[in-house]
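Below: one structure, written as structure tokens.
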Amino acid sequence: MTIHDLRCDVCGRVIPLPADGVRFSYHPGRADLRDDSGLACAQCWAEAVRDLGEPGGRAACAACGAATSRSASLHLRRPGQPSSWRLCAADAVAFLNRLRTVEPKLDPATFRFPARERRRDP
Ligand SMILES: [Zn+2]
Ligand SMILES: [Zn+2]
């Protein structure tokens with residue numbers, strides 16, 4: 001990571017001190033696709049997780065409550081947080097499309113979690 005990376009992934013604001021940013025990581029149901037480079041300012045992070053409730057526990061989307069399987073969820077967590085939030089496809093796309101690092105933007109109509117693709121592709 002370089003100093004140039006210390007910008008909020010959501011609003012683009014420069015985060016003056018690493019301590020002011022919130023690190024987060026996420027993966028789409030496959031740990032090998034984990035992205036650990038997430039960084040948000042405290043304000044954007046608070047907004048992003050405001051409606052998610054407590055992470056972990058139920059096999060359901062943390063945002064809308066729809067049932068989701070482990071391989072068909074976006075798993076989102078802060079480093080050191082014992083369990084992840086799960087997001088269904090629609091909420092995963094909504095979350096990821098807020099990130100400046102996600103380019104090109106995902107299309108909710110065609111978005112699929114990669115675990116399914118892999119089974120078809122030996
Ligand atoms: Zn921000
Ligand atoms: Zn959802």
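How things are named: the first chain in the structure tokens is A, the next is B, and so on; residues count from 1 in each chain; ligands count from 1 in the order shown.
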Subject >> Selection near A:Arg58, 10 Å with only C-alpha atoms, sequence-local residues under 5 positions removed, as a PyMOL selection string >> reply: chain A and resi 65+67-68+85-86
**OP:** Please write out the residues within 7 Å of ligand 1 as a list in words, counting only C-alpha atoms and all ligand atoms.
**Re:**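 Sorted by chain and then by number, the residues are Cys8, Asp9, Val10, Cys11, Gly12, Arg13, Ala40, Cys41, Ala42, Gln43 and Cys44 of chain A.
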Would you mind exporting the chosen residues as an mmCIF file, in the first residue's frame, restricted to N, CA, C and O atoms?
```cif
data_model
loop_
_atom_site.group_PDB
_atom_site.id
_atom_site.type_symbol
_atom_site.label_atom_id
_atom_site.label_comp_id
_atom_site.auth_asym_id
_atom_site.auth_seq_id
_atom_site.Cartn_x
_atom_site.Cartn_y
_atom_site.Cartn_z
ATOM 1 N N CYS A 8 -10.774 7.402 0.847
ATOM 2 C CA CYS A 8 -11.956 6.597 1.104
ATOM 3 C C CYS A 8 -12.399 5.929 -0.198
ATOM 4 O O CYS A 8 -12.507 6.586 -1.231
ATOM 5 N N ASP A 9 -12.678 4.636 -0.147
ATOM 6 C CA ASP A 9 -13.121 3.903 -1.337
ATOM 7 C C ASP A 9 -14.520 4.337 -1.767
ATOM 8 O O ASP A 9 -14.954 4.027 -2.867
ATOM 9 N N VAL A 10 -15.241 5.000 -0.899
ATOM 10 C CA VAL A 10 -16.622 5.364 -1.221
ATOM 11 C C VAL A 10 -16.700 6.802 -1.730
ATOM 12 O O VAL A 10 -17.147 7.062 -2.842
ATOM 13 N N CYS A 11 -16.236 7.758 -0.919
ATOM 14 C CA CYS A 11 -16.421 9.164 -1.289
ATOM 15 C C CYS A 11 -15.168 9.795 -1.880
ATOM 16 O O CYS A 11 -15.232 10.892 -2.429
ATOM 17 N N GLY A 12 -14.017 9.099 -1.766
ATOM 18 C CA GLY A 12 -12.804 9.623 -2.366
ATOM 19 C C GLY A 12 -12.069 10.644 -1.519
ATOM 20 O O GLY A 12 -11.013 11.132 -1.904
ATOM 21 N N ARG A 13 -12.620 10.974 -0.383
ATOM 22 C CA ARG A 13 -11.985 11.923 0.508
ATOM 23 C C ARG A 13 -10.631 11.375 0.974
ATOM 24 O O ARG A 13 -10.505 10.181 1.257
ATOM 25 N N ALA A 40 -12.386 2.789 4.085
ATOM 26 C CA ALA A 40 -13.446 3.799 4.034
ATOM 27 C C ALA A 40 -13.221 4.810 5.148
ATOM 28 O O ALA A 40 -12.620 4.487 6.173
ATOM 29 N N CYS A 41 -13.693 6.020 4.925
ATOM 30 C CA CYS A 41 -13.656 6.983 6.021
ATOM 31 C C CYS A 41 -14.725 6.564 7.031
ATOM 32 O O CYS A 41 -15.652 5.817 6.704
ATOM 33 N N ALA A 42 -14.579 7.034 8.235
ATOM 34 C CA ALA A 42 -15.475 6.602 9.315
ATOM 35 C C ALA A 42 -16.930 6.886 8.967
ATOM 36 O O ALA A 42 -17.833 6.095 9.255
ATOM 37 N N GLN A 43 -17.155 8.015 8.314
ATOM 38 C CA GLN A 43 -18.517 8.422 7.974
ATOM 39 C C GLN A 43 -19.149 7.468 6.960
ATOM 40 O O GLN A 43 -20.283 7.016 7.131
ATOM 41 N N CYS A 44 -18.412 7.147 5.899
ATOM 42 C CA CYS A 44 -18.962 6.242 4.881
ATOM 43 C C CYS A 44 -19.156 4.842 5.435
ATOM 44 O O CYS A 44 -20.108 4.154 5.079
#
```
Give me, as an mmCIF file with N, CA and C atoms, in the first residue's frame, the set of residues whose atoms come within 7 Å of any atom of ligand 2, counting only C-alpha atoms and all ligand atoms.
```
data_model
loop_
_atom_site.group_PDB
_atom_site.id
_atom_site.type_symbol
_atom_site.label_atom_id
_atom_site.label_comp_id
_atom_site.auth_asym_id
_atom_site.auth_seq_id
_atom_site.Cartn_x
_atom_site.Cartn_y
_atom_site.Cartn_z
ATOM 1 N N CYS A 61 -29.200 -12.547 4.279
ATOM 2 C CA CYS A 61 -28.603 -11.276 3.923
ATOM 3 C C CYS A 61 -28.747 -10.301 5.097
ATOM 4 N N ALA A 62 -27.656 -9.651 5.447
ATOM 5 C CA ALA A 62 -27.677 -8.730 6.584
ATOM 6 C C ALA A 62 -28.467 -7.468 6.265
ATOM 7 N N ALA A 63 -28.657 -7.190 4.990
ATOM 8 C CA ALA A 63 -29.349 -5.959 4.613
ATOM 9 C C ALA A 63 -30.852 -6.161 4.454
ATOM 10 N N CYS A 64 -31.252 -7.250 3.762
ATOM 11 C CA CYS A 64 -32.674 -7.399 3.448
ATOM 12 C C CYS A 64 -33.296 -8.634 4.078
ATOM 13 N N GLY A 65 -32.475 -9.517 4.671
ATOM 14 C CA GLY A 65 -33.022 -10.684 5.344
ATOM 15 C C GLY A 65 -33.321 -11.868 4.444
ATOM 16 N N ALA A 66 -33.069 -11.738 3.123
ATOM 17 C CA ALA A 66 -33.299 -12.864 2.210
ATOM 18 C C ALA A 66 -32.331 -13.995 2.543
ATOM 19 N N LEU A 87 -24.130 -10.625 2.345
ATOM 20 C CA LEU A 87 -25.028 -9.816 1.525
ATOM 21 C C LEU A 87 -25.476 -10.638 0.330
ATOM 22 N N CYS A 88 -26.754 -10.582 0.033
ATOM 23 C CA CYS A 88 -27.295 -11.267 -1.140
ATOM 24 C C CYS A 88 -26.790 -10.561 -2.400
ATOM 25 N N ALA A 89 -27.061 -11.138 -3.552
ATOM 26 C CA ALA A 89 -26.525 -10.586 -4.806
ATOM 27 C C ALA A 89 -26.907 -9.124 -4.990
ATOM 28 N N ALA A 90 -28.170 -8.796 -4.773
ATOM 29 C CA ALA A 90 -28.620 -7.423 -5.011
ATOM 30 C C ALA A 90 -27.931 -6.451 -4.056
ATOM 31 N N ASP A 91 -27.815 -6.838 -2.792
ATOM 32 C CA ASP A 91 -27.182 -5.944 -1.831
ATOM 33 C C ASP A 91 -25.667 -5.924 -1.994
#
```
Which polymer residues have any atom within 10 Å of an atom of A:Ser83, counting only C-alpha atoms, with same-chain residues fewer than 5 positions away left out, as a PDB file with N, CA and C atoms, in the first residue's frame?
```pdb
ATOM      1  N   GLU A  54     -26.129  -6.993  13.461  1.00  0.00           N
ATOM      2  CA  GLU A  54     -24.964  -7.723  13.940  1.00  0.00           C
ATOM      3  C   GLU A  54     -24.479  -8.694  12.877  1.00  0.00           C
ATOM      4  N   PRO A  55     -23.160  -8.772  12.662  1.00  0.00           N
ATOM      5  CA  PRO A  55     -22.652  -9.737  11.687  1.00  0.00           C
ATOM      6  C   PRO A  55     -22.760 -11.171  12.199  1.00  0.00           C
ATOM      7  N   GLY A  56     -22.791 -12.111  11.251  1.00  0.00           N
ATOM      8  CA  GLY A  56     -22.739 -13.522  11.604  1.00  0.00           C
ATOM      9  C   GLY A  56     -24.093 -14.088  11.971  1.00  0.00           C
ATOM     10  N   GLY A  57     -24.078 -15.356  12.325  1.00  0.00           N
ATOM     11  CA  GLY A  57     -25.303 -15.986  12.769  1.00  0.00           C
ATOM     12  C   GLY A  57     -26.110 -16.538  11.623  1.00  0.00           C
ATOM     13  N   HIS A  75     -19.222 -11.761   1.488  1.00  0.00           N
ATOM     14  CA  HIS A  75     -18.849 -11.814   2.895  1.00  0.00           C
ATOM     15  C   HIS A  75     -18.017 -10.586   3.207  1.00  0.00           C
ATOM     16  N   LEU A  76     -18.492  -9.791   4.118  1.00  0.00           N
ATOM     17  CA  LEU A  76     -17.880  -8.499   4.406  1.00  0.00           C
ATOM     18  C   LEU A  76     -17.512  -8.445   5.882  1.00  0.00           C
ATOM     19  N   ARG A  77     -16.303  -8.010   6.162  1.00  0.00           N
ATOM     20  CA  ARG A  77     -15.906  -7.874   7.562  1.00  0.00           C
ATOM     21  C   ARG A  77     -14.777  -6.890   7.728  1.00  0.00           C
ATOM     22  N   ARG A  78     -14.624  -6.433   8.949  1.00  0.00           N
ATOM     23  CA  ARG A  78     -13.448  -5.664   9.310  1.00  0.00           C
ATOM     24  C   ARG A  78     -12.402  -6.628   9.825  1.00  0.00           C
TER      25      ARG A  78
END
```
Original post:
stretch 5-100 of chain A: which residues are strand (DSSP E or B) by DSSP, as number ranges by chain?
Top reply: A: 7, 14, 21-27, 35-41, 60, 67, 74-77, 85-87
Quick one: write out the picked residues with C-alpha atoms as a CSV table (one decimal), in the first residue's frame?
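Output contents, as saved in part-v3.csv:
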```
chain,number,residue,atom,x,y,z
A,7,ARG,CA,-8.5,7.8,0.2
A,14,VAL,CA,-8.4,11.8,1.6
A,21,GLY,CA,-9.9,5.0,8.1
A,22,VAL,CA,-11.8,1.8,8.5
A,23,ARG,CA,-10.2,-1.2,6.8
A,24,PHE,CA,-12.5,-3.9,5.5
A,25,SER,CA,-12.2,-7.0,3.5
A,26,TYR,CA,-14.7,-8.9,1.4
A,27,HIS,CA,-15.0,-12.0,-0.8
A,35,ASP,CA,-10.0,-8.4,-1.3
A,36,ASP,CA,-8.3,-7.0,1.8
A,37,SER,CA,-7.7,-3.6,0.5
A,38,GLY,CA,-10.9,-1.9,1.4
A,39,LEU,CA,-10.7,1.4,3.2
A,40,ALA,CA,-13.4,3.8,4.0
A,41,CYS,CA,-13.7,7.0,6.0
A,60,ALA,CA,-29.5,-14.5,5.6
A,67,ALA,CA,-31.9,-16.4,2.6
A,74,LEU,CA,-20.7,-11.4,-0.4
A,75,HIS,CA,-18.8,-11.8,2.9
A,76,LEU,CA,-17.9,-8.5,4.4
A,77,ARG,CA,-15.9,-7.9,7.6
A,85,TRP,CA,-21.9,-9.9,7.3
A,86,ARG,CA,-23.5,-11.7,4.3
A,87,LEU,CA,-25.0,-9.8,1.5
```
**OP:** Excluding A:Val93 and residues on its chain fewer than 6 positions from it, collect all residues at most 10 Å away from it, counting only C-alpha atoms, and give them as a list in words.
**Re:**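 The neighbour list is Leu74, Leu87, Lys105, Leu106, Asp107, Pro108, Ala109, Phe111 and Arg112 of chain A.
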**OP:** List every residue of chain A that DSSP, applied to the backbone, labels as alpha helix (DSSP H), and write the result as JSON, numbers by chain.
**Re:** {"A": [42, 43, 44, 45, 46, 47, 48, 49, 89, 90, 91, 92, 93, 94, 95, 96, 97, 114, 115, 116, 117, 118, 119, 120]}
Subject >> From A:Ala94, A:Ala59, A:Leu6, A:Leu52, residue lying nearest A:Ala72 [only C-alpha atoms] >> reply: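 Smallest distance to A:Ala72 is found for A:Ala59.
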**OP:** State, in Å with one decimal place, the distance from atom CA of A:Glu47 to atom CA of A:Thr110.
**Re:** 26.2 Å
